[in-house]
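> For reference, the file structure.pdb (PDB, C-alpha atoms) is included below:
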ATOM      1  CA  MET G  17     -56.237 -27.467  -9.265
ATOM      2  CA  PRO G  18     -58.506 -24.590 -10.283
ATOM      3  CA  PHE G  19     -59.650 -22.038  -7.744
ATOM      4  CA  LEU G  20     -63.264 -23.094  -6.742
ATOM      5  CA  PRO G  21     -65.454 -22.209  -3.770
ATOM      6  CA  GLY G  22     -66.709 -24.617  -1.155
ATOM      7  CA  ALA G  23     -65.165 -27.998  -0.430
ATOM      8  CA  ARG G  24     -62.638 -27.774  -3.230
ATOM      9  CA  LEU G  25     -61.350 -24.496  -1.786
ATOM     10  CA  LEU G  26     -60.859 -26.147   1.603
ATOM     11  CA  ASP G  27     -59.096 -29.088  -0.038
ATOM     12  CA  TRP G  28     -56.836 -26.701  -1.949
ATOM     13  CA  LEU G  29     -56.038 -24.697   1.179
ATOM     14  CA  SER G  30     -55.208 -27.871   3.105
ATOM     15  CA  THR G  31     -52.850 -29.132   0.398
ATOM     16  CA  SER G  32     -51.376 -26.681  -2.089
ATOM     17  CA  GLY G  33     -52.259 -23.599  -0.065
ATOM     18  CA  LEU G  34     -50.504 -25.012   3.001
ATOM     19  CA  LEU G  35     -47.441 -25.957   0.942
ATOM     20  CA  ILE G  36     -47.278 -22.450  -0.545
ATOM     21  CA  ALA G  37     -47.541 -20.857   2.891
ATOM     22  CA  LEU G  38     -44.829 -23.160   4.271
ATOM     23  CA  THR G  39     -42.603 -22.459   1.261
ATOM     24  CA  VAL G  40     -42.918 -18.696   1.643
ATOM     25  CA  LEU G  41     -42.387 -18.918   5.393
ATOM     26  CA  GLY G  42     -39.402 -21.219   4.924
ATOM     27  CA  ALA G  43     -37.865 -18.868   2.347
ATOM     28  CA  VAL G  44     -38.213 -15.908   4.704
ATOM     29  CA  LEU G  45     -36.697 -17.837   7.611
ATOM     30  CA  ILE G  46     -33.806 -19.156   5.502
ATOM     31  CA  ALA G  47     -33.139 -15.676   4.102
ATOM     32  CA  ARG G  48     -33.041 -14.224   7.599
ATOM     33  CA  PHE G  49     -30.757 -17.029   8.756
ATOM     34  CA  ILE G  50     -28.393 -16.352   5.860
ATOM     35  CA  SER G  51     -28.471 -12.641   6.669
ATOM     36  CA  TRP G  52     -27.668 -13.455  10.314
ATOM     37  CA  ILE G  53     -24.768 -15.685   9.268
ATOM     38  CA  GLY G  54     -23.448 -12.965   6.951
ATOM     39  CA  SER G  55     -23.690 -10.343   9.685
ATOM     40  CA  ARG G  56     -21.925 -12.667  12.094
ATOM     41  CA  ILE G  57     -19.078 -13.247   9.629
ATOM     42  CA  THR G  58     -18.611  -9.556   8.875
ATOM     43  CA  ARG G  59     -18.794  -8.748  12.596
ATOM     44  CA  ARG G  60     -16.085 -11.311  13.284
ATOM     45  CA  ILE G  61     -13.914  -9.750  10.574
ATOM     46  CA  ASP G  62     -14.432  -6.325  12.167
ATOM     47  CA  ASP G  63     -13.697  -7.672  15.661
ATOM     48  CA  ARG G  64     -10.415  -9.188  14.501
ATOM     49  CA  TYR G  65      -9.422  -5.804  13.150
ATOM     50  CA  THR G  66     -10.423  -3.835  16.261
ATOM     51  CA  GLN G  67      -8.710  -6.330  18.575
ATOM     52  CA  SER G  68      -5.464  -6.307  16.601
ATOM     53  CA  ASP G  69      -2.665  -3.760  16.740
ATOM     54  CA  ASP G  70      -3.277  -2.628  13.157
ATOM     55  CA  LEU G  71      -4.156   1.037  12.751
ATOM     56  CA  VAL G  72      -5.818   0.464   9.389
ATOM     57  CA  ARG G  73      -7.552  -2.412   7.690
ATOM     58  CA  SER G  74      -5.438  -4.564   5.435
ATOM     59  CA  GLU G  75      -6.466  -4.965   1.807
ATOM     60  CA  ALA G  76      -7.253  -8.644   2.442
ATOM     61  CA  THR G  77      -9.539  -7.754   5.364
ATOM     62  CA  LYS G  78     -11.455  -5.179   3.309
ATOM     63  CA  HIS G  79     -11.790  -7.645   0.425
ATOM     64  CA  ARG G  80     -13.083 -10.448   2.692
ATOM     65  CA  HIS G  81     -15.641  -8.056   4.190
ATOM     66  CA  SER G  82     -16.925  -7.051   0.734
ATOM     67  CA  VAL G  83     -17.012 -10.658  -0.515
ATOM     68  CA  ALA G  84     -18.986 -11.749   2.566
ATOM     69  CA  GLN G  85     -21.584  -9.047   1.882
ATOM     70  CA  VAL G  86     -21.897 -10.008  -1.792
ATOM     71  CA  VAL G  87     -22.152 -13.753  -1.092
ATOM     72  CA  THR G  88     -24.877 -13.071   1.482
ATOM     73  CA  TRP G  89     -26.845 -10.979  -1.028
ATOM     74  CA  MET G  90     -26.513 -13.639  -3.755
ATOM     75  CA  ALA G  91     -27.540 -16.476  -1.414
ATOM     76  CA  ILE G  92     -30.664 -14.598  -0.306
ATOM     77  CA  SER G  93     -31.568 -13.877  -3.941
ATOM     78  CA  PHE G  94     -31.127 -17.554  -4.819
ATOM     79  CA  VAL G  95     -33.433 -18.631  -1.966
ATOM     80  CA  TYR G  96     -36.198 -16.299  -3.123
ATOM     81  CA  ILE G  97     -35.857 -17.435  -6.746
ATOM     82  CA  VAL G  98     -36.142 -21.109  -5.768
ATOM     83  CA  ALA G  99     -39.111 -20.356  -3.520
ATOM     84  CA  THR G 100     -40.859 -18.521  -6.375
ATOM     85  CA  LEU G 101     -40.367 -21.481  -8.717
ATOM     86  CA  LYS G 102     -41.747 -23.862  -6.078
ATOM     87  CA  VAL G 103     -44.811 -21.681  -5.628
ATOM     88  CA  PHE G 104     -45.404 -21.772  -9.387
ATOM     89  CA  ASP G 105     -45.172 -25.551  -9.221
ATOM     90  CA  TYR G 106     -47.690 -25.794  -6.372
ATOM     91  CA  LEU G 107     -50.041 -23.537  -8.319
ATOM     92  CA  GLN G 108     -49.691 -25.990 -11.222
ATOM     93  CA  LEU G 109     -48.500 -23.276 -13.556
ATOM     94  CA  PRO G 110     -46.537 -24.934 -16.383
ATOM     95  CA  ILE G 111     -43.183 -23.179 -16.537
ATOM     96  CA  GLY G 112     -42.665 -24.297 -20.138
ATOM     97  CA  SER G 113     -45.779 -22.529 -21.345
ATOM     98  CA  LEU G 114     -44.491 -19.329 -19.759
ATOM     99  CA  VAL G 115     -41.342 -19.297 -21.868
ATOM    100  CA  ALA G 116     -42.922 -17.482 -24.826
ATOM    101  CA  PRO G 117     -44.694 -14.803 -22.716
ATOM    102  CA  ALA G 118     -41.565 -14.458 -20.642
ATOM    103  CA  THR G 119     -39.531 -13.876 -23.796
ATOM    104  CA  VAL G 120     -41.866 -11.107 -24.907
ATOM    105  CA  LEU G 121     -41.938  -9.626 -21.425
ATOM    106  CA  GLY G 122     -38.164  -9.900 -21.171
ATOM    107  CA  ALA G 123     -37.726  -8.076 -24.452
ATOM    108  CA  ALA G 124     -40.090  -5.349 -23.254
ATOM    109  CA  LEU G 125     -38.312  -5.010 -19.931
ATOM    110  CA  GLY G 126     -34.858  -5.490 -21.418
ATOM    111  CA  PHE G 127     -34.399  -1.810 -22.133
ATOM    112  CA  GLY G 128     -35.337  -0.918 -18.576
ATOM    113  CA  ALA G 129     -33.219  -3.709 -17.110
ATOM    114  CA  GLN G 130     -30.079  -2.659 -18.955
ATOM    115  CA  ARG G 131     -29.089  -0.349 -16.151
ATOM    116  CA  VAL G 132     -29.586  -3.087 -13.543
ATOM    117  CA  VAL G 133     -27.425  -5.499 -15.530
ATOM    118  CA  GLN G 134     -24.848  -2.758 -15.982
ATOM    119  CA  ASP G 135     -24.814  -2.111 -12.226
ATOM    120  CA  ILE G 136     -24.346  -5.806 -11.427
ATOM    121  CA  LEU G 137     -21.525  -6.266 -13.940
ATOM    122  CA  ALA G 138     -19.767  -3.132 -12.690
ATOM    123  CA  GLY G 139     -20.137  -4.309  -9.090
ATOM    124  CA  PHE G 140     -18.689  -7.705 -10.011
ATOM    125  CA  PHE G 141     -15.544  -6.096 -11.447
ATOM    126  CA  ILE G 142     -15.245  -3.654  -8.527
ATOM    127  CA  ILE G 143     -15.097  -6.552  -6.087
ATOM    128  CA  THR G 144     -12.992  -8.984  -8.123
ATOM    129  CA  GLU G 145     -10.473  -6.293  -9.072
ATOM    130  CA  ARG G 146     -10.390  -4.984  -5.482
ATOM    131  CA  GLN G 147     -10.856  -1.390  -6.589
ATOM    132  CA  TYR G 148     -12.128  -0.509  -3.119
ATOM    133  CA  GLY G 149     -13.757  -2.246  -0.182
ATOM    134  CA  PHE G 150     -15.423  -1.754   3.178
ATOM    135  CA  GLY G 151     -13.700   0.964   5.178
ATOM    136  CA  ASP G 152     -11.905   2.599   2.246
ATOM    137  CA  THR G 153     -11.975   6.363   1.805
ATOM    138  CA  VAL G 154     -13.041   7.031  -1.779
ATOM    139  CA  GLN G 155     -13.930   9.828  -4.158
ATOM    140  CA  ILE G 156     -16.481   8.603  -6.703
ATOM    141  CA  SER G 157     -17.421  10.487  -9.846
ATOM    142  CA  VAL G 158     -21.049   9.713 -10.780
ATOM    143  CA  THR G 159     -22.630  10.190 -14.185
ATOM    144  CA  GLY G 160     -24.920  13.239 -14.210
ATOM    145  CA  ALA G 161     -23.894  14.411 -10.732
ATOM    146  CA  SER G 162     -22.397  17.854 -10.266
ATOM    147  CA  GLU G 163     -20.340  16.803  -7.248
ATOM    148  CA  ASP G 164     -18.316  13.711  -6.464
ATOM    149  CA  ALA G 165     -19.337  11.332  -3.686
ATOM    150  CA  ILE G 166     -16.576  11.530  -1.071
ATOM    151  CA  GLY G 167     -16.525   9.498   2.120
ATOM    152  CA  THR G 168     -15.986   6.107   3.711
ATOM    153  CA  VAL G 169     -17.363   2.968   2.081
ATOM    154  CA  GLU G 170     -19.925   1.308   4.351
ATOM    155  CA  ASP G 171     -21.384  -1.286   1.996
ATOM    156  CA  VAL G 172     -20.488  -2.770  -1.399
ATOM    157  CA  THR G 173     -22.937  -5.029  -3.238
ATOM    158  CA  LEU G 174     -23.144  -6.109  -6.841
ATOM    159  CA  ARG G 175     -25.606  -3.301  -7.551
ATOM    160  CA  VAL G 176     -24.748  -0.304  -5.345
ATOM    161  CA  THR G 177     -21.997   1.241  -3.271
ATOM    162  CA  ARG G 178     -22.931   3.083  -0.071
ATOM    163  CA  VAL G 179     -20.627   5.857   1.097
ATOM    164  CA  ARG G 180     -20.920   7.890   4.310
ATOM    165  CA  SER G 181     -19.634  11.435   4.003
ATOM    166  CA  THR G 182     -17.822  13.414   6.695
ATOM    167  CA  ALA G 183     -21.145  15.140   7.453
ATOM    168  CA  GLY G 184     -22.741  11.758   8.244
ATOM    169  CA  GLU G 185     -24.790  11.559   5.053
ATOM    170  CA  VAL G 186     -25.209   8.146   3.404
ATOM    171  CA  ILE G 187     -24.694   8.353  -0.367
ATOM    172  CA  THR G 188     -25.958   5.411  -2.449
ATOM    173  CA  VAL G 189     -24.268   5.162  -5.847
ATOM    174  CA  PRO G 190     -25.315   2.614  -8.520
ATOM    175  CA  ASN G 191     -22.166   0.811  -9.596
ATOM    176  CA  GLY G 192     -22.993   1.192 -13.275
ATOM    177  CA  GLN G 193     -23.066   4.991 -12.938
ATOM    178  CA  ILE G 194     -19.516   5.260 -11.597
ATOM    179  CA  ASN G 195     -17.218   7.003 -14.068
ATOM    180  CA  LYS G 196     -14.138   7.193 -11.871
ATOM    181  CA  ALA G 197     -13.346   5.895  -8.397
ATOM    182  CA  VAL G 198     -10.370   7.352  -6.544
ATOM    183  CA  ASN G 199      -9.280   5.179  -3.629
ATOM    184  CA  LEU G 200      -7.686   7.460  -1.039
ATOM    185  CA  SER G 201      -6.746   4.656   1.354
ATOM    186  CA  LYS G 202      -5.227   1.821  -0.680
ATOM    187  CA  ASP G 203      -1.844   0.473   0.496
ATOM    188  CA  TRP G 204      -0.524   3.926   1.476
ATOM    189  CA  ALA G 205      -1.403   7.599   1.194
ATOM    190  CA  ARG G 206       0.386  10.930   1.036
ATOM    191  CA  ALA G 207      -0.250  14.047   3.079
ATOM    192  CA  VAL G 208       0.535  17.187   1.052
ATOM    193  CA  VAL G 209       0.961  20.460   2.955
ATOM    194  CA  ASP G 210       1.508  23.704   1.019
ATOM    195  CA  VAL G 211       3.004  26.314   3.347
ATOM    196  CA  PRO G 212       2.358  29.935   2.287
ATOM    197  CA  ILE G 213       5.148  32.382   3.177
ATOM    198  CA  PRO G 214       5.772  36.021   2.227
ATOM    199  CA  VAL G 215       8.058  36.681  -0.726
ATOM    200  CA  THR G 216      10.356  38.623   1.609
ATOM    201  CA  ALA G 217      11.139  35.516   3.684
ATOM    202  CA  ASP G 218      14.386  33.623   3.210
ATOM    203  CA  ILE G 219      13.465  30.398   1.404
ATOM    204  CA  ALA G 220      16.549  28.605   2.708
ATOM    205  CA  ASP G 221      15.627  29.432   6.322
ATOM    206  CA  VAL G 222      12.023  28.306   5.810
ATOM    207  CA  THR G 223      13.170  25.085   4.158
ATOM    208  CA  GLU G 224      15.493  24.364   7.087
ATOM    209  CA  ILE G 225      12.695  25.037   9.589
ATOM    210  CA  LEU G 226      10.386  22.635   7.763
ATOM    211  CA  ARG G 227      13.113  19.997   7.475
ATOM    212  CA  GLU G 228      13.811  20.136  11.228
ATOM    213  CA  LEU G 229      10.087  20.004  11.907
ATOM    214  CA  GLY G 230       9.809  16.864   9.743
ATOM    215  CA  VAL G 231      12.623  15.185  11.674
ATOM    216  CA  ALA G 232      10.980  16.068  14.985
ATOM    217  CA  ALA G 233       7.559  14.896  13.767
ATOM    218  CA  TYR G 234       8.961  11.521  12.719
ATOM    219  CA  LYS G 235      10.445  11.062  16.216
ATOM    220  CA  GLU G 236       7.174  11.982  17.932
ATOM    221  CA  PRO G 237       5.278   8.803  18.961
ATOM    222  CA  ARG G 238       1.848  10.194  18.013
ATOM    223  CA  LEU G 239       2.933  10.877  14.447
ATOM    224  CA  ARG G 240       5.484   8.086  14.097
ATOM    225  CA  GLU G 241       2.764   5.418  14.188
ATOM    226  CA  LEU G 242       0.955   7.145  11.310
ATOM    227  CA  LEU G 243       3.973   7.877   9.111
ATOM    228  CA  LEU G 244       5.729   5.437   6.795
ATOM    229  CA  ASP G 245       8.835   7.594   6.450
ATOM    230  CA  GLN G 246      10.159  11.009   7.406
ATOM    231  CA  PRO G 247       8.303  14.020   5.935
ATOM    232  CA  SER G 248      10.307  15.801   3.268
ATOM    233  CA  VAL G 249      10.366  19.308   1.819
ATOM    234  CA  MET G 250       9.838  19.392  -1.949
ATOM    235  CA  GLY G 251      10.627  23.093  -2.417
ATOM    236  CA  VAL G 252       8.747  26.071  -3.863
ATOM    237  CA  GLU G 253       5.463  24.927  -5.402
ATOM    238  CA  SER G 254       3.912  28.223  -6.506
ATOM    239  CA  LEU G 255       4.902  31.872  -6.747
ATOM    240  CA  GLU G 256       2.475  34.788  -6.509
ATOM    241  CA  VAL G 257       2.767  38.559  -6.189
ATOM    242  CA  ASP G 258       2.707  38.787  -2.391
ATOM    243  CA  GLN G 259       3.480  35.213  -1.308
ATOM    244  CA  LEU G 260       4.932  31.901  -2.365
ATOM    245  CA  SER G 261       4.161  28.350  -1.358
ATOM    246  CA  VAL G 262       6.602  25.694  -0.136
ATOM    247  CA  ARG G 263       5.382  22.107  -0.354
ATOM    248  CA  MET G 264       5.961  19.464   2.330
ATOM    249  CA  VAL G 265       4.882  15.845   1.799
ATOM    250  CA  ALA G 266       4.667  12.792   4.028
ATOM    251  CA  ARG G 267       3.815   9.169   3.238
ATOM    252  CA  THR G 268       1.222   7.848   5.683
ATOM    253  CA  LEU G 269      -0.805   4.772   6.444
ATOM    254  CA  PRO G 270      -3.865   4.467   4.182
ATOM    255  CA  GLY G 271      -6.642   6.821   5.176
ATOM    256  CA  LYS G 272      -4.483   8.715   7.698
ATOM    257  CA  GLN G 273      -3.282  11.454   5.356
ATOM    258  CA  PHE G 274      -5.932  13.915   6.541
ATOM    259  CA  GLN G 275      -5.068  13.435  10.219
ATOM    260  CA  VAL G 276      -1.343  13.715   9.520
ATOM    261  CA  GLY G 277      -1.921  16.825   7.405
ATOM    262  CA  ARG G 278      -3.815  18.537  10.239
ATOM    263  CA  LEU G 279      -1.123  17.671  12.788
ATOM    264  CA  LEU G 280       1.673  18.882  10.522
ATOM    265  CA  ARG G 281      -0.108  22.154   9.722
ATOM    266  CA  ALA G 282      -0.547  22.935  13.425
ATOM    267  CA  ARG G 283       3.164  22.349  14.069
ATOM    268  CA  ILE G 284       4.215  24.303  10.984
ATOM    269  CA  ALA G 285       2.068  27.301  11.945
ATOM    270  CA  ARG G 286       3.534  27.338  15.457
ATOM    271  CA  ALA G 287       7.129  26.991  14.229
ATOM    272  CA  LEU G 288       6.799  29.789  11.661
ATOM    273  CA  ARG G 289       5.058  32.066  14.147
ATOM    274  CA  GLU G 290       7.892  31.562  16.628
ATOM    275  CA  GLN G 291      10.321  32.670  13.907
ATOM    276  CA  GLY G 292       8.227  35.733  13.083
ATOM    277  CA  ILE G 293       7.271  34.467   9.616
ATOM    278  CA  THR G 294       3.711  35.281   8.573
ATOM    279  CA  VAL G 295       1.822  35.774   5.328
ATOM    280  CA  THR G 296      -0.029  38.813   6.715
ATOM    281  CA  PRO G 297       1.191  41.935   4.869
ATOM    282  CA  GLN G 298       3.446  44.055   7.123
ATOM    283  CA  LEU G 299       2.696  47.766   6.685
ATOM    284  CA  ASP G 300       5.521  50.262   6.734
ATOM    285  CA  THR G 301       4.918  52.660   9.660
ATOM    286  CA  ALA G 302       6.458  55.648   7.870
ATOM    287  CA  SER G 303       4.256  55.192   4.805
ATOM    288  CA  VAL G 304       1.177  54.952   7.005
ATOM    289  CA  VAL G 305       2.064  58.226   8.763
ATOM    290  CA  ASP G 306       2.685  59.980   5.439
ATOM    291  CA  ARG G 307      -0.638  58.724   4.118
ATOM    292  CA  VAL G 308      -2.491  60.055   7.214
ATOM    293  CA  GLU G 309      -0.808  63.458   6.991
ATOM    294  CA  ALA G 310      -1.685  63.704   3.314
ATOM    295  CA  GLN G 311      -5.339  63.201   4.163
TER
END
When written as structure tokens, how does the structure in this file appear?

Amino acid sequence: MPFLPGARLLDWLSTSGLLIALTVLGAVLIARFISWIGSRITRRIDDRYTQSDDLVRSEATKHRHSVAQVVTWMAISFVYIVATLKVFDYLQLPIGSLVAPATVLGAALGFGAQRVVQDILAGFFIITERQYGFGDTVQISVTGASEDAIGTVEDVTLRVTRVRSTAGEVITVPNGQINKAVNLSKDWARAVVDVPIPVTADIADVTEILRELGVAAYKEPRLRELLLDQPSVMGVESLEVDQLSVRMVARTLPGKQFQVGRLLRARIARALREQGITVTPQLDTASVVDRVEAQ
């Protein structure tokens, strides 16, 4: 019915106008209900994790959390699309006659929408291939960015990935712009500790100290629950003029490699200090005296 003033306007408002208002209101309420259901499901998944004895999320738990978020987003989009079509119907706009203009408009917007389609396709493969999920620690390389996005995944949709950095910043990355995603917390992780020692130190003694420290760390309850096996000494990793580096590695639960690395470094520093091993250059007293007298 055409838009006319007077009685016809009142008739239109009491019929089609009311139906349009109810449709829009219903779509908003249904979308909010779906969002509430999705939040309830994800909250239940999180509660099961926090109430369990697991120190880290299982891969299945992270995948279910991501799938629940994506399904919620798709359901809300579907509701709004259906509501839009119903509004067109109440306005008596023939959808068939809009096909040709829509084709032209779609071709015009196609170039601009390529990135959106690319983001959605990339997000689909990220979720189905379980590249990463909610709670994973990732390092994402983004096209055109000088620095990688490093942090914990807080949200994964078909279009974007949201990562919170250690500084508390929320980084939103379009899925189609991701060149490389390094998952630092999938299945298991490895803490790598390079121990610098002076070239004058006995490598065999240092290796034995680190080996004994690894055995003691694996027996310690605080570290034992984070480690998958006993830390091991790999040997000399690098050699420089005034120092060399001995590498120690430990397999940990996913996402716990940073905590284990900090704990191991503190114990290694204390053990080496107790043995008098330090990377600080030791000056010869006689040479210092000679240098002072020469001045």
> Quick one: residues within 8 Å of range 84-92 of chain G, only C-alpha atoms counted, chain neighbours fewer than 6 positions away excluded, as a PyMOL selection string?
chain G and resi 47+50-51+54+57-58+171-174
> Which value, in Å to one decimal, gives the distance between CA of Lys196 in chain G and CA of Val158 in chain G?
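Calculated distance between CA of Lys196 in chain G and CA of Val158 in chain G is 7.4 Å.
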> Quick one: apply the PyMOL selection byres ((chain G and resi 143) around 10) to the file and drop the selected residues here as a list in words.
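With the shown file as input, the PyMOL selection byres ((chain G and resi 143) around 10) matches His79, Arg80, Ser82, Val83, Val86, Ala138, Gly139, Phe140, Phe141, Ile142, Thr144, Glu145, Arg146, Gln147, Tyr148, Gly149, Val172, Thr173 and Leu174 of chain G.
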> May I have the residues within 8 Å of Pro190 in chain G as a PyMOL selection string, using all atoms listed in the file and disregarding those fewer than 5 positions away in the same chain?
chain G and resi 135+175-177
> For the residues in the current selection, export C-alpha atoms as an mmCIF file, keeping the file's coordinate frame.

data_model
loop_
_atom_site.group_PDB
_atom_site.id
_atom_site.type_symbol
_atom_site.label_atom_id
_atom_site.label_comp_id
_atom_site.auth_asym_id
_atom_site.auth_seq_id
_atom_site.Cartn_x
_atom_site.Cartn_y
_atom_site.Cartn_z
ATOM 1 C CA ASP G 135 -24.814 -2.111 -12.226
ATOM 2 C CA ARG G 175 -25.606 -3.301 -7.551
ATOM 3 C CA VAL G 176 -24.748 -0.304 -5.345
ATOM 4 C CA THR G 177 -21.997 1.241 -3.271
#
> Using only C-alpha atoms for the distances, tell me which of G:Leu41, G:Gln291, G:Arg131, G:Val276 is nearest to Arg240 in chain G.
G:Val276
> Using the chain letters and numbering of this document, enumerate as a ChimeraX atom specification the residues selected by the PyMOL selection byres ((chain G and resi 284) around 10).
/G:209,211,225-226,229-230,278-283,285-290
> Please evaluate the PyMOL selection byres ((chain G and resi 264-269) around 10) against the displayed coordinates and give the resulting residues as a short mmCIF file (atom, residue, chain, number, x, y, z; two decimals) with C-alpha atoms, in the coordinates of the input.

data_model
loop_
_atom_site.label_atom_id
_atom_site.label_comp_id
_atom_site.auth_asym_id
_atom_site.auth_seq_id
_atom_site.Cartn_x
_atom_site.Cartn_y
_atom_site.Cartn_z
CA LEU G 71 -4.16 1.04 12.75
CA VAL G 72 -5.82 0.46 9.39
CA ARG G 73 -7.55 -2.41 7.69
CA SER G 201 -6.75 4.66 1.35
CA LYS G 202 -5.23 1.82 -0.68
CA ASP G 203 -1.84 0.47 0.50
CA TRP G 204 -0.52 3.93 1.48
CA ALA G 205 -1.40 7.60 1.19
CA ARG G 206 0.39 10.93 1.04
CA ALA G 207 -0.25 14.05 3.08
CA VAL G 208 0.54 17.19 1.05
CA VAL G 209 0.96 20.46 2.96
CA ASP G 210 1.51 23.70 1.02
CA VAL G 211 3.00 26.31 3.35
CA THR G 223 13.17 25.08 4.16
CA LEU G 226 10.39 22.64 7.76
CA ARG G 227 13.11 20.00 7.48
CA GLY G 230 9.81 16.86 9.74
CA TYR G 234 8.96 11.52 12.72
CA LEU G 239 2.93 10.88 14.45
CA ARG G 240 5.48 8.09 14.10
CA GLU G 241 2.76 5.42 14.19
CA LEU G 242 0.96 7.14 11.31
CA LEU G 243 3.97 7.88 9.11
CA LEU G 244 5.73 5.44 6.80
CA ASP G 245 8.84 7.59 6.45
CA GLN G 246 10.16 11.01 7.41
CA PRO G 247 8.30 14.02 5.94
CA SER G 248 10.31 15.80 3.27
CA VAL G 249 10.37 19.31 1.82
CA MET G 250 9.84 19.39 -1.95
CA GLY G 251 10.63 23.09 -2.42
CA VAL G 252 8.75 26.07 -3.86
CA GLU G 253 5.46 24.93 -5.40
CA SER G 261 4.16 28.35 -1.36
CA VAL G 262 6.60 25.69 -0.14
CA ARG G 263 5.38 22.11 -0.35
CA PRO G 270 -3.86 4.47 4.18
CA GLY G 271 -6.64 6.82 5.18
CA LYS G 272 -4.48 8.72 7.70
CA GLN G 273 -3.28 11.45 5.36
CA PHE G 274 -5.93 13.92 6.54
CA GLN G 275 -5.07 13.44 10.22
CA VAL G 276 -1.34 13.72 9.52
CA GLY G 277 -1.92 16.82 7.40
CA LEU G 280 1.67 18.88 10.52
CA ARG G 281 -0.11 22.15 9.72
#
> What is the CA of Asp63 in chain G-CA of Val154 in chain G distance in Å, reported with one decimal?
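If I compute the distance from CA of Asp63 in chain G to CA of Val154 in chain G, I get 22.8 Å.
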> Specify the axis-aligned box that encloses all atoms of range 152-164 of chain G listed in the file after padding of 6 Å on each side, stating its centre and edge lengths in Å to one decimal as JSON.

{"center_x": -18.4, "center_y": 10.2, "center_z": -6.0, "size_x": 25.0, "size_y": 27.3, "size_z": 28.5}
> With distances taken over all atoms listed in the file, which of G:Ile213, G:Leu101, G:Leu38, G:Val189 is nearest to Glu256 in chain G?
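Of G:Ile213, G:Leu101, G:Leu38, G:Val189, the one nearest Glu256 in chain G is G:Ile213, counting all atoms listed in the file.
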> Find the distance between CA of Phe49 in chain G and CA of Thr100 in chain G and write it in Å to one decimal.
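Computed distance, CA of Phe49 in chain G to CA of Thr100 in chain G, equals 18.3 Å.
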> With distances taken over all atoms listed in the file, which of G:Phe104, G:Arg59, G:Thr216, G:His81 is nearest to Asp152 in chain G?
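Going through G:Phe104, G:Arg59, G:Thr216, G:His81 one by one, the smallest distance to Asp152 in chain G is for G:His81.
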> In terms of the shortest atom-to-atom distance over all atoms listed in the file, which of G:Val98, G:Ala217, G:Leu45, G:Val132 is closest to Leu260 in chain G?
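Looking at the shortest contact to Leu260 in chain G, the residue is G:Ala217.
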